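K.L.:
My file is entry31.cif. It has mmCIF, C-alpha atoms (C1' of nucleotides):
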data_target
#
loop_
_atom_site.label_atom_id
_atom_site.label_comp_id
_atom_site.auth_asym_id
_atom_site.auth_seq_id
_atom_site.Cartn_x
_atom_site.Cartn_y
_atom_site.Cartn_z
CA MET F 1 0.00 0.00 0.00
CA GLU F 2 2.68 2.40 1.03
CA SER F 3 5.23 1.97 -1.71
CA LEU F 4 4.04 3.55 -4.90
CA ASN F 5 6.37 3.36 -7.78
CA ARG F 6 7.46 6.32 -9.83
CA ARG F 7 4.56 6.00 -12.25
CA GLU F 8 1.93 5.86 -9.58
CA ARG F 9 3.42 8.82 -7.82
CA ALA F 10 3.46 10.77 -11.06
CA ARG F 11 -0.20 9.95 -11.57
CA LEU F 12 -1.14 11.15 -8.13
CA GLU F 13 0.88 14.27 -8.68
CA ARG F 14 -0.94 14.97 -11.90
CA GLY F 15 -4.33 14.37 -10.34
CA ALA F 16 -3.45 16.93 -7.69
CA LEU F 17 -2.30 19.32 -10.39
CA ILE F 18 -5.66 19.05 -12.11
CA VAL F 19 -7.54 19.80 -8.92
CA ARG F 20 -5.24 22.67 -8.02
CA THR F 21 -5.51 24.18 -11.47
CA ALA F 22 -9.29 23.83 -11.55
CA ARG F 23 -9.45 25.68 -8.28
CA GLU F 24 -7.18 28.46 -9.51
CA LEU F 25 -9.19 28.89 -12.70
CA ALA F 26 -12.42 28.96 -10.72
CA GLU F 27 -11.13 31.50 -8.23
CA ALA F 28 -9.82 33.65 -11.06
CA ASP F 29 -12.74 33.62 -13.47
CA GLY F 30 -15.57 31.68 -11.83
CA TRP F 31 -16.68 28.09 -12.33
CA ASP F 32 -18.33 28.84 -15.64
CA ALA F 33 -14.89 29.53 -17.04
CA VAL F 34 -13.63 26.13 -15.94
CA THR F 35 -14.31 24.03 -19.01
CA THR F 36 -12.66 20.75 -19.89
CA ARG F 37 -10.78 22.37 -22.75
CA ARG F 38 -9.48 25.31 -20.75
CA LEU F 39 -8.55 23.09 -17.84
CA ALA F 40 -6.79 20.63 -20.12
CA ASP F 41 -4.92 23.50 -21.74
CA ALA F 42 -3.89 24.90 -18.39
CA VAL F 43 -2.41 21.60 -17.21
CA GLU F 44 -0.92 21.11 -20.68
CA TYR F 45 -2.65 17.85 -21.44
CA SER F 46 -5.56 16.93 -23.65
CA GLN F 47 -9.10 16.53 -22.38
CA PRO F 48 -9.15 12.72 -22.19
CA VAL F 49 -6.41 12.87 -19.59
CA LEU F 50 -8.85 14.56 -17.25
CA TYR F 51 -11.18 11.61 -17.64
CA SER F 52 -8.49 9.12 -16.82
CA HIS F 53 -8.29 10.77 -13.42
CA PHE F 54 -11.91 11.77 -12.81
CA LYS F 55 -15.19 10.29 -13.88
CA ASN F 56 -16.42 13.64 -15.13
CA MET F 57 -16.16 17.38 -14.63
CA GLN F 58 -18.41 17.19 -11.61
CA ALA F 59 -15.95 14.88 -9.88
CA ILE F 60 -13.23 17.51 -10.28
CA VAL F 61 -15.43 20.12 -8.65
CA THR F 62 -16.13 17.65 -5.88
CA ALA F 63 -12.42 17.13 -5.35
CA VAL F 64 -11.95 20.88 -4.98
CA ALA F 65 -14.86 20.92 -2.55
CA LEU F 66 -13.35 18.17 -0.38
CA ASP F 67 -10.03 19.98 -0.21
CA GLY F 68 -11.86 23.13 0.73
CA MET F 69 -13.83 21.42 3.45
CA ALA F 70 -10.64 20.20 5.05
CA GLU F 71 -9.23 23.72 4.93
CA LEU F 72 -12.42 25.13 6.34
CA ALA F 73 -12.30 22.74 9.27
CA VAL F 74 -8.81 23.92 10.15
CA VAL F 75 -9.74 27.57 9.84
CA LEU F 76 -12.78 27.04 12.05
CA ARG F 77 -10.74 25.31 14.74
CA GLU F 78 -8.25 28.17 14.82
CA GLY F 79 -10.97 30.78 15.01
CA ARG F 80 -12.77 28.93 17.76
CA GLU F 81 -9.67 28.35 19.84
CA ALA F 82 -8.68 31.99 19.45
CA SER F 83 -11.99 33.59 20.34
CA GLY F 84 -14.84 31.17 20.80
CA LEU F 85 -18.10 31.41 18.95
CA MET F 86 -17.38 34.86 17.59
CA GLY F 87 -14.05 33.69 16.24
CA LEU F 88 -15.77 30.71 14.71
CA ALA F 89 -18.32 32.85 12.92
CA GLU F 90 -15.69 35.29 11.71
CA ALA F 91 -13.54 32.44 10.45
CA TYR F 92 -16.46 30.85 8.61
CA LEU F 93 -17.54 33.98 6.82
CA GLY F 94 -13.95 35.03 6.26
CA TYR F 95 -13.22 31.77 4.48
CA ALA F 96 -16.34 32.06 2.35
CA GLU F 97 -15.33 35.55 1.30
CA ALA F 98 -11.69 34.75 0.68
CA HIS F 99 -12.44 31.65 -1.40
CA PRO F 100 -15.83 32.18 -3.00
CA ALA F 101 -15.30 29.61 -5.74
CA VAL F 102 -14.28 26.92 -3.28
CA TYR F 103 -17.20 27.80 -1.04
CA ALA F 104 -19.51 27.56 -4.03
CA ALA F 105 -18.05 24.18 -4.93
CA ILE F 106 -18.80 22.95 -1.43
CA PHE F 107 -22.23 24.40 -0.94
CA THR F 108 -24.00 26.04 -3.84
CA ARG F 109 -23.00 24.04 -6.89
CA ARG F 110 -24.79 20.78 -7.47
CA THR F 111 -22.55 18.06 -6.14
CA ASP F 112 -22.67 14.32 -6.46
CA LEU F 113 -21.60 13.78 -2.87
CA VAL F 114 -24.37 12.81 -0.53
CA PHE F 115 -24.01 14.36 2.86
CA GLY F 116 -26.11 12.32 5.18
CA SER F 117 -24.79 8.90 4.21
CA ALA F 118 -21.47 7.08 4.30
CA GLU F 119 -20.03 9.05 1.39
CA SER F 120 -17.24 11.44 2.30
CA PRO F 121 -18.38 11.86 5.88
CA GLU F 122 -15.11 12.28 7.77
CA VAL F 123 -14.21 15.73 6.56
CA LEU F 124 -17.79 16.98 6.78
CA LYS F 125 -18.22 15.60 10.26
CA LEU F 126 -14.98 17.29 11.15
CA THR F 127 -16.32 20.64 10.01
CA PHE F 128 -19.67 20.15 11.67
CA GLY F 129 -17.83 19.01 14.78
CA GLU F 130 -16.01 22.32 14.93
CA LEU F 131 -19.28 24.20 14.73
CA LEU F 132 -20.77 21.94 17.37
CA ALA F 133 -17.81 22.49 19.67
CA GLY F 134 -18.31 26.22 19.36
CA VAL F 135 -22.04 26.15 19.97
CA GLU F 136 -22.16 23.52 22.70
CA PRO F 137 -21.05 25.73 25.62
CA HIS F 138 -24.03 28.00 24.96
CA ALA F 139 -26.70 25.36 24.40
CA THR F 140 -29.07 24.53 27.19
CA ASP F 141 -30.56 21.41 25.67
CA ASP F 142 -30.22 20.11 22.09
CA ALA F 143 -26.84 21.39 20.95
CA GLU F 144 -26.94 19.59 17.64
CA THR F 145 -30.11 21.26 16.42
CA LEU F 146 -28.88 24.62 17.62
CA THR F 147 -25.69 24.01 15.67
CA GLU F 148 -27.72 23.33 12.54
CA VAL F 149 -29.57 26.59 13.08
CA PHE F 150 -26.32 28.46 13.64
CA TRP F 151 -24.65 26.88 10.64
CA SER F 152 -27.63 27.70 8.42
CA ALA F 153 -27.52 31.28 9.58
CA LEU F 154 -23.83 31.53 8.73
CA HIS F 155 -24.37 29.88 5.39
CA GLY F 156 -27.18 32.28 4.60
CA GLN F 157 -25.04 35.28 5.41
CA ALA F 158 -22.21 33.87 3.33
CA THR F 159 -24.30 33.34 0.23
CA LEU F 160 -26.41 36.48 0.49
CA ASN F 161 -23.25 38.48 1.10
CA GLN F 162 -21.64 37.01 -1.97
CA GLU F 163 -24.51 38.17 -4.14
CA SER F 164 -24.51 41.64 -2.58
CA ARG F 165 -27.96 41.20 -1.16
CA LEU F 166 -27.08 42.44 2.29
CA ARG F 167 -25.73 45.86 3.18
CA PRO F 168 -21.94 45.55 3.19
CA ALA F 169 -21.47 48.13 5.92
CA GLN F 170 -23.41 46.04 8.41
CA ARG F 171 -21.40 42.89 7.83
CA THR F 172 -19.70 42.80 11.21
CA GLU F 173 -22.82 43.87 13.01
CA ARG F 174 -24.75 40.98 11.48
CA ILE F 175 -22.16 38.50 12.72
CA GLU F 176 -22.23 39.99 16.20
CA ARG F 177 -26.01 39.97 16.29
CA LEU F 178 -26.11 36.34 15.30
CA VAL F 179 -23.53 35.31 17.86
CA ARG F 180 -25.32 37.28 20.55
CA LEU F 181 -28.58 35.54 19.68
CA VAL F 182 -26.96 32.19 20.32
CA THR F 183 -24.92 33.09 23.37
CA GLY F 184 -27.96 34.78 24.83
CA MET E 1 -50.93 53.38 -22.93
CA GLU E 2 -53.97 51.41 -21.97
CA SER E 3 -55.25 50.35 -25.34
CA LEU E 4 -53.11 47.63 -26.78
CA ASN E 5 -54.24 46.27 -30.07
CA ARG E 6 -54.72 42.61 -30.77
CA ARG E 7 -51.11 42.08 -31.79
CA GLU E 8 -49.65 43.67 -28.74
CA ARG E 9 -51.94 41.71 -26.50
CA ALA E 10 -50.99 38.49 -28.27
CA ARG E 11 -47.34 39.33 -27.78
CA LEU E 12 -47.76 39.92 -24.09
CA GLU E 13 -49.73 36.72 -23.79
CA ARG E 14 -46.98 34.78 -25.49
CA GLY E 15 -44.29 36.32 -23.33
CA ALA E 16 -46.22 35.19 -20.29
CA LEU E 17 -46.59 31.75 -21.81
CA ILE E 18 -42.83 31.49 -22.20
CA VAL E 19 -42.21 32.43 -18.60
CA ARG E 20 -44.92 30.10 -17.34
CA THR E 21 -43.61 27.21 -19.41
CA ALA E 22 -40.02 27.82 -18.35
CA ARG E 23 -41.13 27.68 -14.76
CA GLU E 24 -43.06 24.45 -15.28
CA LEU E 25 -40.14 22.80 -17.02
CA ALA E 26 -37.79 23.92 -14.27
CA GLU E 27 -40.05 22.65 -11.50
CA ALA E 28 -40.50 19.37 -13.32
CA ASP E 29 -36.93 18.56 -14.31
CA GLY E 30 -34.68 21.26 -12.88
CA TRP E 31 -33.19 24.32 -14.53
CA ASP E 32 -30.56 22.31 -16.35
CA ALA E 33 -33.38 20.77 -18.37
CA VAL E 34 -34.65 24.17 -19.43
CA THR E 35 -32.80 24.68 -22.69
CA THR E 36 -33.79 27.05 -25.45
CA ARG E 37 -34.71 24.17 -27.71
CA ARG E 38 -36.84 22.34 -25.19
CA LEU E 39 -38.51 25.55 -24.10
CA ALA E 40 -39.19 26.55 -27.69
CA ASP E 41 -40.62 23.11 -28.36
CA ALA E 42 -42.83 23.31 -25.30
CA VAL E 43 -44.35 26.63 -26.34
CA GLU E 44 -44.54 25.36 -29.92
CA TYR E 45 -42.41 28.06 -31.47
CA SER E 46 -38.85 28.13 -32.70
CA GLN E 47 -35.93 29.35 -30.63
CA PRO E 48 -35.59 32.81 -32.18
CA VAL E 49 -39.06 33.65 -30.90
CA LEU E 50 -37.70 33.42 -27.37
CA TYR E 51 -35.13 36.04 -28.24
CA SER E 52 -37.73 38.39 -29.63
CA HIS E 53 -39.22 38.47 -26.14
CA PHE E 54 -36.12 38.18 -23.96
CA LYS E 55 -32.54 39.27 -24.40
CA ASN E 56 -31.27 35.84 -23.49
CA MET E 57 -32.02 32.73 -21.45
CA GLN E 58 -30.90 34.47 -18.29
CA ALA E 59 -33.61 37.07 -18.75
CA ILE E 60 -36.23 34.33 -18.82
CA VAL E 61 -34.95 32.95 -15.54
CA THR E 62 -35.01 36.45 -14.15
CA ALA E 63 -38.64 36.83 -15.21
CA VAL E 64 -39.52 33.64 -13.35
CA ALA E 65 -37.63 34.95 -10.34
CA LEU E 66 -39.54 38.23 -10.34
CA ASP E 67 -42.87 36.43 -10.51
CA GLY E 68 -41.75 34.20 -7.67
CA MET E 69 -40.70 37.15 -5.55
CA ALA E 70 -44.13 38.66 -5.86
CA GLU E 71 -45.72 35.37 -4.86
CA LEU E 72 -43.34 35.02 -1.96
CA ALA E 73 -44.25 38.45 -0.68
CA VAL E 74 -47.92 37.49 -0.64
CA VAL E 75 -47.26 34.20 1.09
CA LEU E 76 -45.13 35.92 3.72
CA ARG E 77 -47.82 38.47 4.45
CA GLU E 78 -50.41 35.76 4.93
CA GLY E 79 -48.15 33.77 7.21
CA ARG E 80 -47.27 36.80 9.28
CA GLU E 81 -50.84 37.98 9.65
CA ALA E 82 -51.94 34.49 10.62
CA SER E 83 -49.29 33.75 13.22
CA GLY E 84 -46.59 36.36 13.50
CA LEU E 85 -42.91 35.59 13.21
CA MET E 86 -43.40 31.84 13.40
CA GLY E 87 -45.96 31.99 10.61
CA LEU E 88 -43.57 34.11 8.59
CA ALA E 89 -40.76 31.62 8.98
CA GLU E 90 -42.99 28.67 8.17
CA ALA E 91 -44.32 30.46 5.11
CA TYR E 92 -40.84 31.31 3.88
CA LEU E 93 -39.46 27.80 4.19
CA GLY E 94 -42.70 26.33 2.97
CA TYR E 95 -42.51 28.35 -0.22
CA ALA E 96 -38.88 27.40 -0.77
CA GLU E 97 -39.76 23.73 -0.39
CA ALA E 98 -42.87 23.88 -2.52
CA HIS E 99 -41.20 25.74 -5.39
CA PRO E 100 -37.52 24.83 -5.28
CA ALA E 101 -36.85 25.84 -8.88
CA VAL E 102 -38.43 29.24 -8.43
CA TYR E 103 -36.56 29.73 -5.18
CA ALA E 104 -33.34 28.78 -6.96
CA ALA E 105 -34.11 31.25 -9.73
CA ILE E 106 -34.51 34.00 -7.16
CA PHE E 107 -31.59 33.24 -4.91
CA THR E 108 -29.07 30.63 -5.94
CA ARG E 109 -28.80 30.94 -9.71
CA ARG E 110 -26.62 33.70 -11.05
CA THR E 111 -28.94 36.55 -11.93
CA ASP E 112 -28.43 39.71 -13.86
CA LEU E 113 -30.61 41.73 -11.53
CA VAL E 114 -28.74 43.89 -9.07
CA PHE E 115 -30.39 44.01 -5.71
CA GLY E 116 -29.06 47.05 -4.00
CA SER E 117 -29.71 49.53 -6.77
CA ALA E 118 -32.67 50.89 -8.67
CA GLU E 119 -33.18 47.71 -10.67
CA SER E 120 -36.31 45.75 -9.81
CA PRO E 121 -36.49 47.09 -6.28
CA GLU E 122 -40.23 47.32 -5.67
CA VAL E 123 -40.94 43.63 -5.40
CA LEU E 124 -37.78 42.91 -3.42
CA LYS E 125 -38.44 45.73 -1.03
CA LEU E 126 -41.93 44.38 -0.65
CA THR E 127 -40.58 41.00 0.38
CA PHE E 128 -37.97 42.46 2.69
CA GLY E 129 -40.67 44.71 4.10
CA GLU E 130 -42.71 41.69 5.08
CA LEU E 131 -39.75 40.21 6.89
CA LEU E 132 -39.07 43.52 8.55
CA ALA E 133 -42.69 43.82 9.68
CA GLY E 134 -42.43 40.40 11.28
CA VAL E 135 -39.15 41.05 13.04
CA GLU E 136 -39.75 44.64 14.14
CA PRO E 137 -41.97 43.88 17.15
CA HIS E 138 -39.17 41.82 18.66
CA ALA E 139 -36.27 44.16 17.93
CA THR E 140 -34.93 46.36 20.69
CA ASP E 141 -32.76 48.58 18.53
CA ASP E 142 -31.73 48.09 14.90
CA ALA E 143 -34.60 46.14 13.36
CA GLU E 144 -33.19 46.26 9.86
CA THR E 145 -29.97 44.49 10.70
CA LEU E 146 -31.82 41.96 12.78
CA THR E 147 -34.06 41.34 9.79
CA GLU E 148 -31.04 40.70 7.62
CA VAL E 149 -29.78 38.21 10.18
CA PHE E 150 -33.17 36.52 10.35
CA TRP E 151 -33.55 36.43 6.59
CA SER E 152 -30.06 34.96 6.16
CA ALA E 153 -30.87 32.29 8.69
CA LEU E 154 -34.04 31.38 6.83
CA HIS E 155 -32.24 31.39 3.52
CA GLY E 156 -29.55 29.14 4.94
CA GLN E 157 -32.09 26.65 6.20
CA ALA E 158 -33.90 26.73 2.88
CA THR E 159 -30.81 25.98 0.81
CA LEU E 160 -29.20 23.48 3.16
CA ASN E 161 -32.54 21.72 3.48
CA GLN E 162 -32.85 21.52 -0.28
CA GLU E 163 -29.52 19.74 -0.54
CA SER E 164 -30.36 17.35 2.31
CA ARG E 165 -27.61 18.68 4.47
CA LEU E 166 -29.71 19.07 7.56
CA ARG E 167 -31.57 16.30 9.38
CA PRO E 168 -35.09 16.27 7.93
CA ALA E 169 -36.69 15.15 11.17
CA GLN E 170 -35.56 18.32 12.97
CA ARG E 171 -36.98 20.66 10.37
CA THR E 172 -39.72 22.12 12.53
CA GLU E 173 -37.51 22.24 15.57
CA ARG E 174 -34.94 24.29 13.67
CA ILE E 175 -37.57 26.81 12.68
CA GLU E 176 -38.85 27.08 16.23
CA ARG E 177 -35.34 27.45 17.62
CA LEU E 178 -34.59 30.23 15.20
CA VAL E 179 -37.81 32.08 15.95
CA ARG E 180 -37.22 31.69 19.66
CA LEU E 181 -33.74 33.13 19.29
CA VAL E 182 -35.20 36.26 17.74
CA THR E 183 -38.25 36.65 19.96
CA GLY E 184 -36.03 36.10 22.98
"C1'" DC L 1 -58.27 44.39 -55.30
"C1'" DT L 2 -53.55 44.69 -55.97
"C1'" DA L 3 -48.47 46.25 -55.03
"C1'" DG L 4 -45.34 47.26 -51.65
"C1'" DA L 5 -43.71 47.61 -47.11
"C1'" DT L 6 -43.59 45.77 -42.63
"C1'" DT L 7 -43.89 42.44 -39.43
"C1'" DG L 8 -43.45 37.88 -37.89
"C1'" DT L 9 -41.40 33.26 -38.03
"C1'" DC L 10 -38.42 29.56 -39.30
"C1'" DT L 11 -34.38 27.05 -41.18
"C1'" DA L 12 -29.76 26.58 -40.90
"C1'" DG L 13 -25.64 27.55 -38.93
"C1'" DC L 14 -21.76 29.20 -35.57
"C1'" DA L 15 -18.87 28.65 -31.71
"C1'" DG L 16 -18.69 26.56 -27.61
"C1'" DT L 17 -19.84 22.66 -24.09
"C1'" DG L 18 -19.02 17.67 -21.78
"C1'" DC L 19 -17.51 13.46 -23.07
"C1'" DT L 20 -15.50 9.29 -25.81
"C1'" DA L 21 -13.93 6.01 -29.53
"C1'" DG L 22 -10.10 4.97 -32.07
"C1'" DG L 23 -5.62 5.38 -33.62
"C1'" DA L 24 -0.77 7.16 -33.00
"C1'" DT L 25 3.33 7.23 -30.09
"C1'" DC L 26 6.58 5.76 -26.95
"C1'" DG L 27 8.50 2.91 -23.40
"C1'" DA L 28 9.98 -1.63 -21.49
"C1'" DC L 29 11.03 -6.35 -22.43
"C1'" DG L 30 12.01 -10.79 -24.96
"C1'" DC Q 1 15.08 -5.79 -33.78
"C1'" DG Q 2 10.20 -6.73 -32.92
"C1'" DT Q 3 6.35 -7.06 -29.97
"C1'" DC Q 4 3.42 -5.78 -26.42
"C1'" DG Q 5 1.25 -2.52 -23.30
"C1'" DA Q 6 0.51 1.71 -21.42
"C1'" DT Q 7 -0.20 6.69 -22.44
"C1'" DC Q 8 -1.80 10.15 -24.83
"C1'" DC Q 9 -4.02 12.80 -28.50
"C1'" DT Q 10 -6.91 13.71 -32.66
"C1'" DA Q 11 -11.27 13.81 -34.20
"C1'" DG Q 12 -15.83 13.48 -33.52
"C1'" DC Q 13 -20.66 13.10 -31.25
"C1'" DA Q 14 -24.66 15.23 -29.38
"C1'" DC Q 15 -25.75 18.94 -27.03
"C1'" DT Q 16 -25.74 24.07 -25.49
"C1'" DG Q 17 -26.96 29.44 -26.23
"C1'" DC Q 18 -27.52 32.42 -29.76
"C1'" DT Q 19 -28.12 34.70 -34.57
"C1'" DA Q 20 -28.12 35.79 -39.71
"C1'" DG Q 21 -30.76 35.48 -43.54
"C1'" DA Q 22 -34.55 33.49 -46.12
"C1'" DC Q 23 -39.28 33.03 -46.22
"C1'" DA Q 24 -44.33 33.76 -45.19
"C1'" DA Q 25 -48.06 36.43 -43.38
"C1'" DT Q 26 -50.11 40.65 -42.53
"C1'" DC Q 27 -51.05 45.51 -42.93
"C1'" DT Q 28 -51.03 49.86 -45.74
"C1'" DA Q 29 -51.61 52.58 -49.66
"C1'" DG Q 30 -53.14 53.49 -54.14
#
Turn this file's structure into structure tokens for me.
P.N.:
Amino acid sequence: MESLNRRERARLERGALIVRTARELAEADGWDAVTTRRLADAVEYSQPVLYSHFKNMQAIVTAVALDGMAELAVVLREGREASGLMGLAEAYLGYAEAHPAVYAAIFTRRTDLVFGSAESPEVLKLTFGELLAGVEPHATDDAETLTEVFWSALHGQATLNQESRLRPAQRTERIERLVRLVTG
Amino acid sequence: MESLNRRERARLERGALIVRTARELAEADGWDAVTTRRLADAVEYSQPVLYSHFKNMQAIVTAVALDGMAELAVVLREGREASGLMGLAEAYLGYAEAHPAVYAAIFTRRTDLVFGSAESPEVLKLTFGELLAGVEPHATDDAETLTEVFWSALHGQATLNQESRLRPAQRTERIERLVRLVTG
DNA sequence: CTAGATTGTCTAGCAGTGCTAGGATCGACG
DNA sequence: CGTCGATCCTAGCACTGCTAGACAATCTAG
């Protein structure tokens, strides 16, 4: 399992290159600009190479999403450890703003990964666990449901912010209000 | 202004037919299934006819979104008048669940309508006004910001629900928790 | 009632999309 | 040197949104 020969390592490397490049293209010009031809050009291979690594374009987006989820979990932990629920909220929205394409890949684009089942649960549970850990100290009874409510509220702010549907000047105030609602 | 001759009335009628059909197709098979060819087929005209009514496909989606926003405003008012903030929240999420394609057209699909400016403000302000009217009685100071927080929370639940990322069994509990957070 | 202009509609096509079948190329090995 | 196998690319399919230009229907004027 451990020892991969040169070829296998090269393959893995190239798969990672594809995901990395897709992410860069998406962050630069949006997901609509990430087409198989452009992506293939950017990694300097032809389109079929993409399909030898991923089942389809959707799978590439999913790979970017999974990477992003892992990053998000780390960011959330740091924010929480630094300044509790407020730090958590700031970290969440900060990540969504700093990496809109990745956030879209995780949450707003149609994905083939099912969330509730056995598919790719570890990294999601990790992220949800961070949220739960932040909310738990302030929950009187059902912390899990409260976490879902809190998460939804953050997600709503993230997406509505992204589309400029909330007043930008009140951004921080909205976060504080939300946190205060939960902490009581 | 008032008197439109037969032709102009027929044109208006057909424009409405296009929007109505687009909405039906979207609700039936999702927006990805709403292509210019299928839509043209469904209304029994050729594709160019669509473009004599709308600048592009995006404009058709926008038209569906505007119709939906008006409907949503009505539904929100009814919910609020029937049972206050809880009725408002139920109505909002109920509409999003009952008309997922329309809700997507309004909020999650990329739209060419700018929200903060003079473009199509009436109907949006109407909707936001309903939310504001529901939140205001429970706000101690800045009702508008609190409304944005509340709206974001609803929107988050709507979208995360749609993608089965929240436990379905706790749906009602999440709404109640959210409302209780705001009402104090 | 006819000739001309205007309006309406369609056919056919472009450039781009995701995706794939088949052949070319290149390496390792006998 | 020749063969085999993996790797990769060219070329193409069916689809997308969108549009130019030909055609048909309707209205207007004489």
K.L.:
Can you report as JSON the centre and edge lengths in Å, to one decimal, of an axis-aligned box around the listed atoms of region 62-74 of chain F padded with 4 Å on each side?
P.N.:
{"center_x": -12.5, "center_y": 21.1, "center_z": 2.1, "size_x": 15.3, "size_y": 16.0, "size_z": 24.0}
K.L.:
Write out as a tab-separated table a residue-level contact list of chain F versus chain Q with cut-off 10 Å: for each qualifying residue the closest pair of atoms and the distance in Å to one decimal, counting only C-alpha atoms (C1' of nucleotides), rows sorted by chain and residue number upward.
P.N.:
residue	atom	partner	partner_atom	distance
F:Tyr45	CA	Q:DC8	C1'	8.5
F:Ser46	CA	Q:DC9	C1'	6.6
F:Gln47	CA	Q:DC9	C1'	8.8
F:Pro48	CA	Q:DC9	C1'	8.1
F:Val49	CA	Q:DC8	C1'	7.5
K.L.:
Which residues of chain F are close to chain E, meaning at most 6 Å apart when you count all atoms listed in the file, and how do they look as a PDB file with C-alpha atoms, in the frame of the given file?
P.N.:
ATOM      1  CA  PHE F 115     -24.010  14.360   2.860  1.00  0.00           C
ATOM      2  CA  VAL F 149     -29.570  26.590  13.080  1.00  0.00           C
ATOM      3  CA  SER F 152     -27.630  27.700   8.420  1.00  0.00           C
ATOM      4  CA  ALA F 153     -27.520  31.280   9.580  1.00  0.00           C
ATOM      5  CA  HIS F 155     -24.370  29.880   5.390  1.00  0.00           C
ATOM      6  CA  GLY F 156     -27.180  32.280   4.600  1.00  0.00           C
ATOM      7  CA  GLN F 157     -25.040  35.280   5.410  1.00  0.00           C
ATOM      8  CA  ARG F 165     -27.960  41.200  -1.160  1.00  0.00           C
ATOM      9  CA  ARG F 174     -24.750  40.980  11.480  1.00  0.00           C
ATOM     10  CA  LEU F 181     -28.580  35.540  19.680  1.00  0.00           C
TER      11      LEU F 181
END
K.L.:
Should the cut-off be 10 Å, what would the residue list for chain L against chain F look like, counting only C-alpha atoms (C1' of nucleotides), as a PyMOL selection string?
P.N.:
chain L and resi 16-20
K.L.:
Identify all residues satisfying the PyMOL selection byres ((chain F and resi 15) around 12) in the given file; provide them as a count of residues only.
P.N.:
27
K.L.:
With only C-alpha atoms as the atoms that count, which of F:Arg77, F:Arg23, F:Arg38, F:Lys125 lies nearest to Tyr103 (chain F)?
P.N.:
F:Arg23
K.L.:
When you draw a straight line from CA of Ala98 (chain F) to CA of Asp41 (chain F), how long is it in Å?
P.N.:
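Spanning CA of Ala98 (chain F) to CA of Asp41 (chain F) is a straight-line distance of 26.0 Å.
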K.L.:
What gap, in Å, lies between CA of Leu93 (chain F) and CA of Glu71 (chain F)?
P.N.:
13.3 Å
